[in-house]
Amino acid sequence: MSFRDVLNSGKFVVTAEVGPPKGTDISEMIHHMELLKGKVDAINVTDNQSAVMRICSMAVCKIALEHGLEPILQMTCRDRNRIGLQSDLLGASILGIKNVLCMTGDHVSAGDHKGAKPVYDVESVQLLKIVDSLNNGKDMSGNELKGSTDFFQGAVVTPEANPLEPQLMKFEKKVKAGAKFFQTQAIYDIEKFKEFMKHARKFPVKVLAGFVVLKSAGMAKFLNNNVPGIRVPEELIEELKAAGKEKALDTGMDITARHIRQLKEEGICDGVHIMAIGMEDKVPEIMQRAGLL
Amino acid sequence: MIITKKKDFQELMENIKNYKSFFLLGCSECATLCGTGGEPQLQEMKEALEAEGKEVTGTFVAKTGCQVLGTKVELKPHKDAISKAECIIVMSCGAGTQTAVELYEDKPVYPANDSMFLGNMTRLQMFDERCSLCGKCILDKTGGICPITACPKGLLNGPCGGCKDGHCEISPDIKCAWVRIYERMKRLGKLQELCDTTLEAKDWSASQKPRTLIAREEKKK
Ligand code: SF4
Ligand code: SF4
């Protein structure tokens, strides 16, 4: 069953993330794919994440397909203008890529080519409209396509953005622009997330809660201070501290598993998106602890 | 106004090392307000060049350096000083520099400044970029705050996920343009309008370079 069908069937879905490497040695990445195969419903392939130049998302999506995984092509507006984006979308379509996640993309100043010219010819909301238009047989200028695409398009949202209201405005614009599913920034406060979901449930979209496993109390504090839209509550930091250095990662995995289990049992959202960031090998175990395997 | 910044003096010296005599041309508008091309700066430059053993044959602050015909007329009395100089140093923006290029076809012209942006002076000698001259103004839709300029990504439909506590992902010193727009529209009672409008991808052909404009009505023959 395709990711779209699984999500629409009402099953609690799990997606994970694969970050393409910098360089042509993909052995480790393939190893991660093998680990995730048959366990997750789809994998997101990041698009030059944090503006650090790596293998392009599309090529890795193709490799994922060859290894029996369903890819979600992440597509940012940072590096390509409207011609490049549409052309790549058509290319992805003929390669058999069915899912696309439309994002604005981190600014080049965050990455390893700080002097690059950022593009942002269009942005996430407009990119969603472009995908919708290609699905309906027309490019964004209204020109007829010989053969249309059939993408299942999604977007991202930050439920703990501060301030939240402008973020919610954008969320609604993305829904109107055709987003069918959302993957969120990492969440750590289930009660707060429930509030967000109360709002999100007013719209006909599927929501996958984002997870980043905490490896230590230090990492939690770092996220709080440096990553926009992430807020790890004090209790969790205490819990990690109490676990001690040796058991911190294990506790972090427990916290993630516990949260996922709660989301599923209470039917709060439609699935989860696990961003392992270098710990892809731990994803199956987290899923097991959460009762998903 | 056009915001300019003095080039590093050593860089300028390197560029003009093959010349001995100079005419200095400033501008009484933006460059004067920026402190890069007014009377005092021309005087300073003259002294600095002389200290390097160069000769300054004359100096002049044009009324409006980007106004080609007006500047041509103003420079007439300086004809001798200019012809004695091997080269002209222009202490205004890139547009002013190119006025001199147009007027003196046979003379090398060098810029003393870097032209930065179209900006507002917020306090004495402090400037902010507020407009990118995109060619099709959308301030009517964004509460009068320009996201093309104030947002480093030029986003048209709301903040990105990088906004942190109301500040921009690229620097905690910049307030997120979209938080500002949202707050202002809220204050104006126009939030619904903002939320209901999805701006289409911008038509960048309006900023296709080089741009020209003929604003005067041609007289009918
Ligand atoms: S939209 Fe912004 S860049 Fe364009 S003309 Fe208006 S203020 Fe200038
Ligand atoms: S944080 Fe705000 S101003 Fe900065 S890039 Fe994102 S939307 Fe633009």
# chains A, B, ... in the order shown; residues from 1 in each chain; ligands from 1
>>> interface_residues(of="chain B", to="chain A", cutoff="12 Å", atoms="only C-alpha atoms", output="PyMOL selection string")
chain B and resi 148+151-172+175-186+191-205
>>> select_by_dssp(residues="region 8-213 of chain B", states="alpha helix (DSSP H)", output="short mmCIF file (atom, residue, chain, number, x, y, z; two decimals) with N, CA and C atoms, in the first residue's frame")
data_model
loop_
_atom_site.label_atom_id
_atom_site.label_comp_id
_atom_site.auth_asym_id
_atom_site.auth_seq_id
_atom_site.Cartn_x
_atom_site.Cartn_y
_atom_site.Cartn_z
N PHE B 9 40.55 52.82 2.07
CA PHE B 9 41.44 53.75 1.38
C PHE B 9 42.56 53.03 0.63
N GLN B 10 43.09 51.97 1.23
CA GLN B 10 44.17 51.22 0.57
C GLN B 10 43.69 50.58 -0.74
N GLU B 11 42.43 50.11 -0.71
CA GLU B 11 41.86 49.51 -1.92
C GLU B 11 41.77 50.57 -3.02
N LEU B 12 41.31 51.77 -2.62
CA LEU B 12 41.20 52.85 -3.58
C LEU B 12 42.58 53.20 -4.13
N MET B 13 43.57 53.29 -3.23
CA MET B 13 44.94 53.64 -3.66
C MET B 13 45.47 52.63 -4.66
N GLU B 14 45.15 51.36 -4.41
CA GLU B 14 45.59 50.30 -5.32
C GLU B 14 44.96 50.52 -6.70
N ASN B 15 43.65 50.85 -6.70
CA ASN B 15 42.94 51.03 -7.98
C ASN B 15 43.50 52.20 -8.79
N CYS B 30 22.19 62.12 -1.21
CA CYS B 30 22.38 60.94 -0.36
C CYS B 30 23.81 60.84 0.18
N ALA B 31 24.80 61.01 -0.69
CA ALA B 31 26.19 60.80 -0.27
C ALA B 31 26.58 61.79 0.83
N THR B 32 25.99 62.98 0.79
CA THR B 32 26.27 63.94 1.85
C THR B 32 25.65 63.47 3.17
N LEU B 33 24.39 62.99 3.09
CA LEU B 33 23.72 62.49 4.29
C LEU B 33 24.41 61.25 4.85
N GLU B 39 31.07 68.04 1.30
CA GLU B 39 32.23 68.94 1.35
C GLU B 39 33.33 68.42 2.29
N PRO B 40 33.01 68.07 3.56
CA PRO B 40 34.08 67.65 4.48
C PRO B 40 34.80 66.40 3.99
N GLN B 41 34.05 65.45 3.39
CA GLN B 41 34.70 64.21 2.95
C GLN B 41 35.60 64.45 1.74
N LEU B 42 35.19 65.42 0.87
CA LEU B 42 36.04 65.73 -0.28
C LEU B 42 37.35 66.35 0.20
N GLN B 43 37.21 67.20 1.23
CA GLN B 43 38.39 67.85 1.79
C GLN B 43 39.35 66.81 2.39
N GLU B 44 38.74 65.88 3.14
CA GLU B 44 39.53 64.80 3.75
C GLU B 44 40.26 63.99 2.70
N MET B 45 39.53 63.68 1.63
CA MET B 45 40.11 62.85 0.57
C MET B 45 41.28 63.60 -0.09
N LYS B 46 41.07 64.91 -0.28
CA LYS B 46 42.10 65.73 -0.91
C LYS B 46 43.38 65.66 -0.07
N GLU B 47 43.20 65.83 1.24
CA GLU B 47 44.38 65.80 2.12
C GLU B 47 45.04 64.42 2.12
N ALA B 48 44.20 63.39 2.14
CA ALA B 48 44.75 62.03 2.18
C ALA B 48 45.53 61.73 0.90
N LEU B 49 44.99 62.18 -0.24
CA LEU B 49 45.67 61.93 -1.51
C LEU B 49 46.99 62.71 -1.56
N GLU B 50 46.92 63.95 -1.10
CA GLU B 50 48.13 64.78 -1.12
C GLU B 50 49.21 64.19 -0.21
N ALA B 51 48.75 63.62 0.90
CA ALA B 51 49.71 62.98 1.81
C ALA B 51 50.39 61.80 1.14
N VAL B 68 22.10 63.72 -14.80
CA VAL B 68 23.19 63.86 -15.77
C VAL B 68 23.30 65.27 -16.34
N LEU B 69 22.16 65.79 -16.85
CA LEU B 69 22.23 67.10 -17.50
C LEU B 69 22.59 68.22 -16.52
N GLY B 70 21.95 68.18 -15.34
CA GLY B 70 22.21 69.21 -14.33
C GLY B 70 23.68 69.19 -13.92
N THR B 71 24.22 68.01 -13.74
CA THR B 71 25.61 67.90 -13.31
C THR B 71 26.56 68.40 -14.41
N LYS B 72 26.19 68.12 -15.65
CA LYS B 72 27.00 68.58 -16.77
C LYS B 72 27.10 70.11 -16.76
N VAL B 73 25.97 70.76 -16.55
CA VAL B 73 25.94 72.22 -16.52
C VAL B 73 26.77 72.74 -15.34
N GLU B 74 26.57 72.11 -14.19
CA GLU B 74 27.29 72.56 -12.99
C GLU B 74 28.80 72.42 -13.12
N LEU B 75 29.22 71.43 -13.89
CA LEU B 75 30.66 71.16 -13.98
C LEU B 75 31.37 72.03 -15.01
N LYS B 79 35.91 73.02 -15.98
CA LYS B 79 36.47 72.37 -17.16
C LYS B 79 37.99 72.25 -17.10
N ASP B 80 38.66 73.33 -16.72
CA ASP B 80 40.12 73.31 -16.71
C ASP B 80 40.67 72.32 -15.69
N ALA B 81 40.12 72.41 -14.48
CA ALA B 81 40.59 71.52 -13.41
C ALA B 81 40.41 70.06 -13.82
N ILE B 82 39.28 69.81 -14.47
CA ILE B 82 39.01 68.42 -14.87
C ILE B 82 39.96 67.98 -15.98
N SER B 83 40.22 68.88 -16.93
CA SER B 83 41.10 68.43 -18.02
C SER B 83 42.54 68.28 -17.53
N LYS B 84 42.91 68.98 -16.48
CA LYS B 84 44.27 68.83 -15.94
C LYS B 84 44.43 67.51 -15.18
N GLY B 94 26.97 54.53 -7.12
CA GLY B 94 27.34 54.00 -8.44
C GLY B 94 26.67 54.74 -9.58
N ALA B 95 25.49 55.30 -9.31
CA ALA B 95 24.80 56.06 -10.35
C ALA B 95 25.54 57.37 -10.61
N GLY B 96 25.94 58.05 -9.53
CA GLY B 96 26.69 59.30 -9.68
C GLY B 96 28.00 59.04 -10.41
N THR B 97 28.66 57.95 -10.08
CA THR B 97 29.91 57.62 -10.74
C THR B 97 29.70 57.49 -12.24
N GLN B 98 28.58 56.87 -12.60
CA GLN B 98 28.34 56.65 -14.03
C GLN B 98 27.86 57.90 -14.76
N THR B 99 27.42 58.92 -13.99
CA THR B 99 27.17 60.23 -14.62
C THR B 99 28.50 60.75 -15.16
N ALA B 100 29.54 60.67 -14.31
CA ALA B 100 30.86 61.14 -14.73
C ALA B 100 31.38 60.33 -15.91
N VAL B 101 31.13 59.04 -15.89
CA VAL B 101 31.56 58.19 -17.01
C VAL B 101 30.91 58.66 -18.30
N GLU B 102 29.63 59.01 -18.20
CA GLU B 102 28.91 59.45 -19.40
C GLU B 102 29.42 60.81 -19.88
N LEU B 103 29.76 61.69 -18.92
CA LEU B 103 30.17 63.05 -19.29
C LEU B 103 31.62 63.13 -19.78
N PRO B 147 8.00 42.61 2.97
CA PRO B 147 8.61 41.31 3.27
C PRO B 147 9.70 40.95 2.26
N ILE B 148 9.64 41.54 1.09
CA ILE B 148 10.66 41.22 0.09
C ILE B 148 12.02 41.71 0.58
N THR B 149 11.99 42.78 1.35
CA THR B 149 13.23 43.37 1.85
C THR B 149 13.51 42.97 3.30
N ALA B 150 12.50 43.02 4.15
CA ALA B 150 12.73 42.82 5.59
C ALA B 150 12.85 41.35 5.96
N ALA B 177 10.13 39.66 9.99
CA ALA B 177 9.30 40.56 9.21
C ALA B 177 7.84 40.14 9.28
N TRP B 178 7.61 38.83 9.29
CA TRP B 178 6.23 38.35 9.28
C TRP B 178 5.53 38.49 10.62
N VAL B 179 6.30 38.48 11.68
CA VAL B 179 5.70 38.76 12.99
C VAL B 179 5.33 40.24 13.03
N ARG B 180 6.19 41.07 12.47
CA ARG B 180 5.88 42.51 12.42
C ARG B 180 4.64 42.77 11.59
N ILE B 181 4.58 42.13 10.43
CA ILE B 181 3.42 42.33 9.54
C ILE B 181 2.15 41.87 10.24
N TYR B 182 2.24 40.71 10.88
CA TYR B 182 1.07 40.14 11.56
C TYR B 182 0.59 41.09 12.66
N GLU B 183 1.54 41.56 13.46
CA GLU B 183 1.17 42.45 14.57
C GLU B 183 0.55 43.75 14.05
N ARG B 184 1.11 44.28 12.99
CA ARG B 184 0.59 45.54 12.47
C ARG B 184 -0.82 45.36 11.89
N MET B 185 -1.01 44.29 11.15
CA MET B 185 -2.34 44.05 10.58
C MET B 185 -3.36 43.83 11.69
N LYS B 186 -2.90 43.21 12.77
CA LYS B 186 -3.79 42.99 13.91
C LYS B 186 -4.20 44.35 14.50
N ARG B 187 -3.20 45.22 14.69
CA ARG B 187 -3.46 46.54 15.25
C ARG B 187 -4.41 47.32 14.35
N LEU B 191 -6.60 41.62 10.25
CA LEU B 191 -6.04 40.26 10.29
C LEU B 191 -6.75 39.33 9.31
N GLN B 192 -8.06 39.43 9.26
CA GLN B 192 -8.81 38.52 8.40
C GLN B 192 -8.32 38.65 6.96
N GLU B 193 -8.14 39.91 6.57
CA GLU B 193 -7.68 40.18 5.20
C GLU B 193 -6.33 39.51 4.95
N LEU B 194 -5.45 39.62 5.94
CA LEU B 194 -4.11 39.04 5.80
C LEU B 194 -4.19 37.51 5.68
N CYS B 195 -5.03 36.93 6.52
CA CYS B 195 -5.15 35.46 6.54
C CYS B 195 -5.83 34.93 5.29
N ASP B 196 -6.75 35.72 4.75
CA ASP B 196 -7.51 35.24 3.59
C ASP B 196 -6.78 35.42 2.27
#
>>> select_by_dssp(residues="region 41-282 of chain A", states="strand (DSSP E)", output="ChimeraX atom specification")
/A:42-45,71-76,99-103,152-157,181-186,206-212,271-275
>>> write_last_selection(atoms="N, CA, C and O atoms", output="compact mmCIF listing (two decimals), in the first residue's frame")
# COMPACT_ATOMS: atom_id res chain seq x y z
N ALA A 42 7.11 5.24 5.32
CA ALA A 42 7.80 6.04 4.30
C ALA A 42 9.02 6.69 4.95
O ALA A 42 9.10 6.79 6.17
N ILE A 43 9.98 7.07 4.10
CA ILE A 43 11.11 7.83 4.64
C ILE A 43 11.21 9.19 3.94
O ILE A 43 11.05 9.30 2.73
N ASN A 44 11.45 10.19 4.76
CA ASN A 44 11.70 11.52 4.21
C ASN A 44 13.16 11.60 3.78
O ASN A 44 14.04 11.16 4.53
N VAL A 45 13.39 12.13 2.62
CA VAL A 45 14.78 12.36 2.21
C VAL A 45 14.99 13.87 2.20
O VAL A 45 14.31 14.60 1.47
N PRO A 71 9.68 6.73 -0.61
CA PRO A 71 10.28 8.00 -0.22
C PRO A 71 9.31 9.19 -0.23
O PRO A 71 8.33 9.20 -0.98
N ILE A 72 9.60 10.13 0.64
CA ILE A 72 8.94 11.45 0.60
C ILE A 72 10.03 12.43 0.21
O ILE A 72 11.00 12.61 0.93
N LEU A 73 9.87 13.01 -0.97
CA LEU A 73 10.87 13.95 -1.48
C LEU A 73 10.72 15.29 -0.78
O LEU A 73 9.70 15.96 -0.93
N GLN A 74 11.72 15.65 0.01
CA GLN A 74 11.66 17.00 0.61
C GLN A 74 12.17 17.98 -0.43
O GLN A 74 13.19 17.74 -1.09
N MET A 75 11.46 19.06 -0.58
CA MET A 75 11.81 20.03 -1.60
C MET A 75 11.77 21.43 -1.01
O MET A 75 10.72 21.88 -0.57
N THR A 76 12.93 22.07 -0.99
CA THR A 76 12.96 23.44 -0.47
C THR A 76 13.02 24.43 -1.64
O THR A 76 13.35 24.06 -2.76
N ASN A 99 5.49 11.13 -3.26
CA ASN A 99 5.20 12.06 -2.16
C ASN A 99 6.20 13.20 -2.16
O ASN A 99 7.39 12.99 -2.37
N VAL A 100 5.69 14.39 -1.93
CA VAL A 100 6.60 15.53 -1.87
C VAL A 100 6.23 16.42 -0.68
O VAL A 100 5.05 16.63 -0.38
N LEU A 101 7.28 16.84 0.03
CA LEU A 101 7.09 17.70 1.19
C LEU A 101 7.61 19.09 0.80
O LEU A 101 8.81 19.26 0.53
N CYS A 102 6.70 20.05 0.78
CA CYS A 102 7.06 21.39 0.29
C CYS A 102 7.50 22.28 1.44
O CYS A 102 6.75 22.52 2.38
N MET A 103 8.72 22.77 1.36
CA MET A 103 9.27 23.57 2.45
C MET A 103 9.93 24.84 1.90
O MET A 103 10.33 24.88 0.74
N PHE A 152 1.33 13.19 -3.84
CA PHE A 152 0.64 13.34 -2.55
C PHE A 152 1.50 14.37 -1.83
O PHE A 152 2.65 14.10 -1.48
N GLN A 153 0.97 15.58 -1.66
CA GLN A 153 1.82 16.67 -1.20
C GLN A 153 1.56 17.06 0.25
O GLN A 153 0.42 17.12 0.69
N GLY A 154 2.66 17.29 0.93
CA GLY A 154 2.57 17.67 2.33
C GLY A 154 3.40 18.91 2.63
O GLY A 154 4.05 19.47 1.74
N ALA A 155 3.34 19.33 3.89
CA ALA A 155 4.08 20.51 4.31
C ALA A 155 4.48 20.35 5.77
O ALA A 155 4.18 19.34 6.39
N VAL A 156 5.18 21.34 6.28
CA VAL A 156 5.61 21.28 7.68
C VAL A 156 4.93 22.37 8.49
O VAL A 156 4.47 23.38 7.94
N VAL A 157 4.87 22.15 9.79
CA VAL A 157 4.29 23.14 10.69
C VAL A 157 5.03 23.03 12.02
O VAL A 157 5.54 21.97 12.38
N PHE A 181 -0.99 16.46 3.95
CA PHE A 181 -0.49 15.99 5.25
C PHE A 181 0.56 16.97 5.77
O PHE A 181 1.15 17.74 5.00
N PHE A 182 0.75 16.93 7.07
CA PHE A 182 1.75 17.79 7.72
C PHE A 182 2.67 16.94 8.58
O PHE A 182 2.22 16.00 9.24
N GLN A 183 3.94 17.28 8.56
CA GLN A 183 4.89 16.70 9.51
C GLN A 183 5.35 17.87 10.36
O GLN A 183 5.63 18.95 9.84
N THR A 184 5.38 17.67 11.68
CA THR A 184 5.65 18.82 12.54
C THR A 184 7.11 18.88 12.96
O THR A 184 7.84 17.90 12.88
N GLN A 185 7.50 20.05 13.42
CA GLN A 185 8.78 20.22 14.10
C GLN A 185 8.71 19.33 15.35
O GLN A 185 7.62 18.96 15.78
N ALA A 186 9.87 18.97 15.91
CA ALA A 186 9.89 18.09 17.08
C ALA A 186 9.03 18.64 18.21
O ALA A 186 9.09 19.84 18.52
N LYS A 206 -3.97 15.34 7.38
CA LYS A 206 -3.37 14.37 8.31
C LYS A 206 -2.15 15.02 8.96
O LYS A 206 -1.42 15.77 8.30
N VAL A 207 -1.96 14.72 10.24
CA VAL A 207 -0.83 15.32 10.94
C VAL A 207 0.06 14.23 11.56
O VAL A 207 -0.42 13.35 12.27
N LEU A 208 1.35 14.32 11.25
CA LEU A 208 2.34 13.42 11.83
C LEU A 208 3.21 14.22 12.79
O LEU A 208 3.85 15.19 12.39
N ALA A 209 3.22 13.81 14.06
CA ALA A 209 3.99 14.55 15.05
C ALA A 209 5.48 14.25 14.90
O ALA A 209 5.86 13.08 14.75
N GLY A 210 6.29 15.27 14.96
CA GLY A 210 7.73 15.10 14.80
C GLY A 210 8.44 14.74 16.09
O GLY A 210 8.07 15.24 17.16
N PHE A 211 9.44 13.85 15.98
CA PHE A 211 10.22 13.47 17.17
C PHE A 211 11.71 13.53 16.89
O PHE A 211 12.19 13.04 15.87
N VAL A 212 12.42 14.13 17.82
CA VAL A 212 13.88 14.08 17.81
C VAL A 212 14.26 13.51 19.17
O VAL A 212 13.87 14.05 20.22
N GLY A 271 -0.10 9.96 13.05
CA GLY A 271 1.13 9.21 12.94
C GLY A 271 2.29 10.02 13.49
O GLY A 271 2.08 11.11 14.04
N VAL A 272 3.49 9.47 13.33
CA VAL A 272 4.66 10.18 13.84
C VAL A 272 5.77 10.18 12.80
O VAL A 272 5.83 9.31 11.93
N HIS A 273 6.62 11.17 12.94
CA HIS A 273 7.77 11.31 12.05
C HIS A 273 9.01 11.37 12.93
O HIS A 273 9.17 12.29 13.73
N ILE A 274 9.86 10.33 12.82
CA ILE A 274 11.02 10.25 13.70
C ILE A 274 12.27 10.74 12.97
O ILE A 274 12.70 10.17 11.97
N MET A 275 12.82 11.83 13.49
CA MET A 275 14.04 12.39 12.90
C MET A 275 15.22 11.92 13.74
O MET A 275 15.44 12.43 14.84
>>> residues_near_ligand(ligand="ligand 1", cutoff="6 Å", atoms="only C-alpha atoms and all ligand atoms", output="PDB file with N, CA and C atoms, in the first residue's frame")
ATOM      1  N   CYS B 131      13.271  48.906   1.161  1.00  0.00           N
ATOM      2  CA  CYS B 131      12.637  48.654  -0.140  1.00  0.00           C
ATOM      3  C   CYS B 131      13.689  48.129  -1.097  1.00  0.00           C
ATOM      4  N   SER B 132      13.354  47.081  -1.837  1.00  0.00           N
ATOM      5  CA  SER B 132      14.303  46.493  -2.794  1.00  0.00           C
ATOM      6  C   SER B 132      13.996  46.891  -4.228  1.00  0.00           C
ATOM      7  N   LEU B 133      13.108  47.877  -4.425  1.00  0.00           N
ATOM      8  CA  LEU B 133      12.776  48.365  -5.758  1.00  0.00           C
ATOM      9  C   LEU B 133      12.332  47.227  -6.672  1.00  0.00           C
ATOM     10  N   CYS B 134      11.391  46.423  -6.187  1.00  0.00           N
ATOM     11  CA  CYS B 134      11.014  45.217  -6.928  1.00  0.00           C
ATOM     12  C   CYS B 134      10.215  45.506  -8.192  1.00  0.00           C
ATOM     13  N   GLY B 135       9.699  46.725  -8.301  1.00  0.00           N
ATOM     14  CA  GLY B 135       9.014  47.081  -9.538  1.00  0.00           C
ATOM     15  C   GLY B 135       7.497  46.917  -9.486  1.00  0.00           C
ATOM     16  N   LYS B 136       7.005  46.239  -8.448  1.00  0.00           N
ATOM     17  CA  LYS B 136       5.551  46.069  -8.324  1.00  0.00           C
ATOM     18  C   LYS B 136       5.258  45.996  -6.835  1.00  0.00           C
ATOM     19  N   CYS B 137       4.943  47.147  -6.263  1.00  0.00           N
ATOM     20  CA  CYS B 137       4.857  47.264  -4.807  1.00  0.00           C
ATOM     21  C   CYS B 137       3.668  46.496  -4.230  1.00  0.00           C
ATOM     22  N   ILE B 138       3.930  45.736  -3.175  1.00  0.00           N
ATOM     23  CA  ILE B 138       2.856  44.983  -2.524  1.00  0.00           C
ATOM     24  C   ILE B 138       2.609  45.472  -1.082  1.00  0.00           C
ATOM     25  N   LEU B 139       3.142  46.637  -0.757  1.00  0.00           N
ATOM     26  CA  LEU B 139       2.959  47.153   0.611  1.00  0.00           C
ATOM     27  C   LEU B 139       1.482  47.289   0.971  1.00  0.00           C
ATOM     28  N   CYS B 146       7.615  45.808   4.117  1.00  0.00           N
ATOM     29  CA  CYS B 146       8.007  45.077   2.908  1.00  0.00           C
ATOM     30  C   CYS B 146       8.677  43.740   3.234  1.00  0.00           C
ATOM     31  N   ILE B 148       9.641  41.537   1.091  1.00  0.00           N
ATOM     32  CA  ILE B 148      10.664  41.219   0.093  1.00  0.00           C
ATOM     33  C   ILE B 148      12.020  41.705   0.584  1.00  0.00           C
ATOM     34  N   THR B 149      11.990  42.782   1.355  1.00  0.00           N
ATOM     35  CA  THR B 149      13.229  43.366   1.850  1.00  0.00           C
ATOM     36  C   THR B 149      13.511  42.968   3.301  1.00  0.00           C
TER      37      THR B 149
END
>>> atom_distance(atom1="CA of Leu240 (chain A)", atom2="CA of Lys215 (chain A)")
8.4 Å
>>> residues_around(residues="Asp128 (chain B)", least_positions_apart="4", cutoff="10 Å", atoms="only C-alpha atoms", output="list in words")
Ile3, Phe117, Leu118, Gly119, Asn120, Met121, Thr122, Arg123 and Ala150 of chain B
>>> residues_around(residues="Asp189 (chain A)", least_positions_apart="4", cutoff="10 Å", atoms="only C-alpha atoms", output="list in words")
Glu160, Phe193, Lys194, Ile230, Arg231, Val232, Pro233, Leu236 and His259 of chain A
>>> write_last_selection(atoms="C-alpha atoms", output="short mmCIF file (atom, residue, chain, number, x, y, z; two decimals), in the first residue's frame")
data_model
loop_
_atom_site.label_atom_id
_atom_site.label_comp_id
_atom_site.auth_asym_id
_atom_site.auth_seq_id
_atom_site.Cartn_x
_atom_site.Cartn_y
_atom_site.Cartn_z
CA GLU A 160 5.28 25.32 19.38
CA PHE A 193 0.48 19.44 21.16
CA LYS A 194 -3.08 18.38 21.94
CA ILE A 230 11.47 23.48 19.99
CA ARG A 231 10.68 23.58 23.68
CA VAL A 232 11.70 20.70 25.93
CA PRO A 233 9.82 21.00 29.25
CA LEU A 236 12.00 15.98 30.83
CA HIS A 259 5.05 9.96 23.85
#
>>> residues_around(residues="Ala217 (chain A)", least_positions_apart="3", cutoff="6 Å", atoms="only C-alpha atoms", output="MDAnalysis selection string")
chainID A and resid 220 237 240:241
>>> write_last_selection(atoms="all heavy atoms", output="PDB file, in the first residue's frame")
ATOM      1  N   ALA A 220      19.039  18.703  25.312  1.00  0.00           N
ATOM      2  CA  ALA A 220      17.713  19.311  25.498  1.00  0.00           C
ATOM      3  C   ALA A 220      17.848  20.817  25.679  1.00  0.00           C
ATOM      4  O   ALA A 220      17.116  21.610  25.081  1.00  0.00           O
ATOM      5  CB  ALA A 220      17.019  18.687  26.702  1.00  0.00           C
ATOM      6  N   ILE A 237      13.925  17.425  31.152  1.00  0.00           N
ATOM      7  CA  ILE A 237      15.349  17.692  31.372  1.00  0.00           C
ATOM      8  C   ILE A 237      15.773  17.067  32.700  1.00  0.00           C
ATOM      9  O   ILE A 237      16.819  16.418  32.799  1.00  0.00           O
ATOM     10  CB  ILE A 237      15.637  19.209  31.331  1.00  0.00           C
ATOM     11  CG1 ILE A 237      15.245  19.778  29.952  1.00  0.00           C
ATOM     12  CG2 ILE A 237      17.113  19.489  31.629  1.00  0.00           C
ATOM     13  CD1 ILE A 237      15.487  21.261  29.761  1.00  0.00           C
ATOM     14  N   LEU A 240      16.115  13.310  32.392  1.00  0.00           N
ATOM     15  CA  LEU A 240      17.367  12.922  31.731  1.00  0.00           C
ATOM     16  C   LEU A 240      18.548  13.071  32.684  1.00  0.00           C
ATOM     17  O   LEU A 240      19.455  12.239  32.709  1.00  0.00           O
ATOM     18  CB  LEU A 240      17.599  13.787  30.487  1.00  0.00           C
ATOM     19  CG  LEU A 240      16.689  13.495  29.294  1.00  0.00           C
ATOM     20  CD1 LEU A 240      16.718  14.654  28.315  1.00  0.00           C
ATOM     21  CD2 LEU A 240      17.115  12.204  28.596  1.00  0.00           C
ATOM     22  N   LYS A 241      18.512  14.153  33.471  1.00  0.00           N
ATOM     23  CA  LYS A 241      19.589  14.400  34.432  1.00  0.00           C
ATOM     24  C   LYS A 241      19.635  13.259  35.448  1.00  0.00           C
ATOM     25  O   LYS A 241      20.691  12.698  35.747  1.00  0.00           O
ATOM     26  CB  LYS A 241      19.336  15.713  35.176  1.00  0.00           C
ATOM     27  CG  LYS A 241      20.132  16.880  34.622  1.00  0.00           C
ATOM     28  CD  LYS A 241      20.048  18.054  35.594  1.00  0.00           C
ATOM     29  CE  LYS A 241      20.092  19.360  34.834  1.00  0.00           C
ATOM     30  NZ  LYS A 241      19.430  20.452  35.547  1.00  0.00           N
TER      31      LYS A 241
END
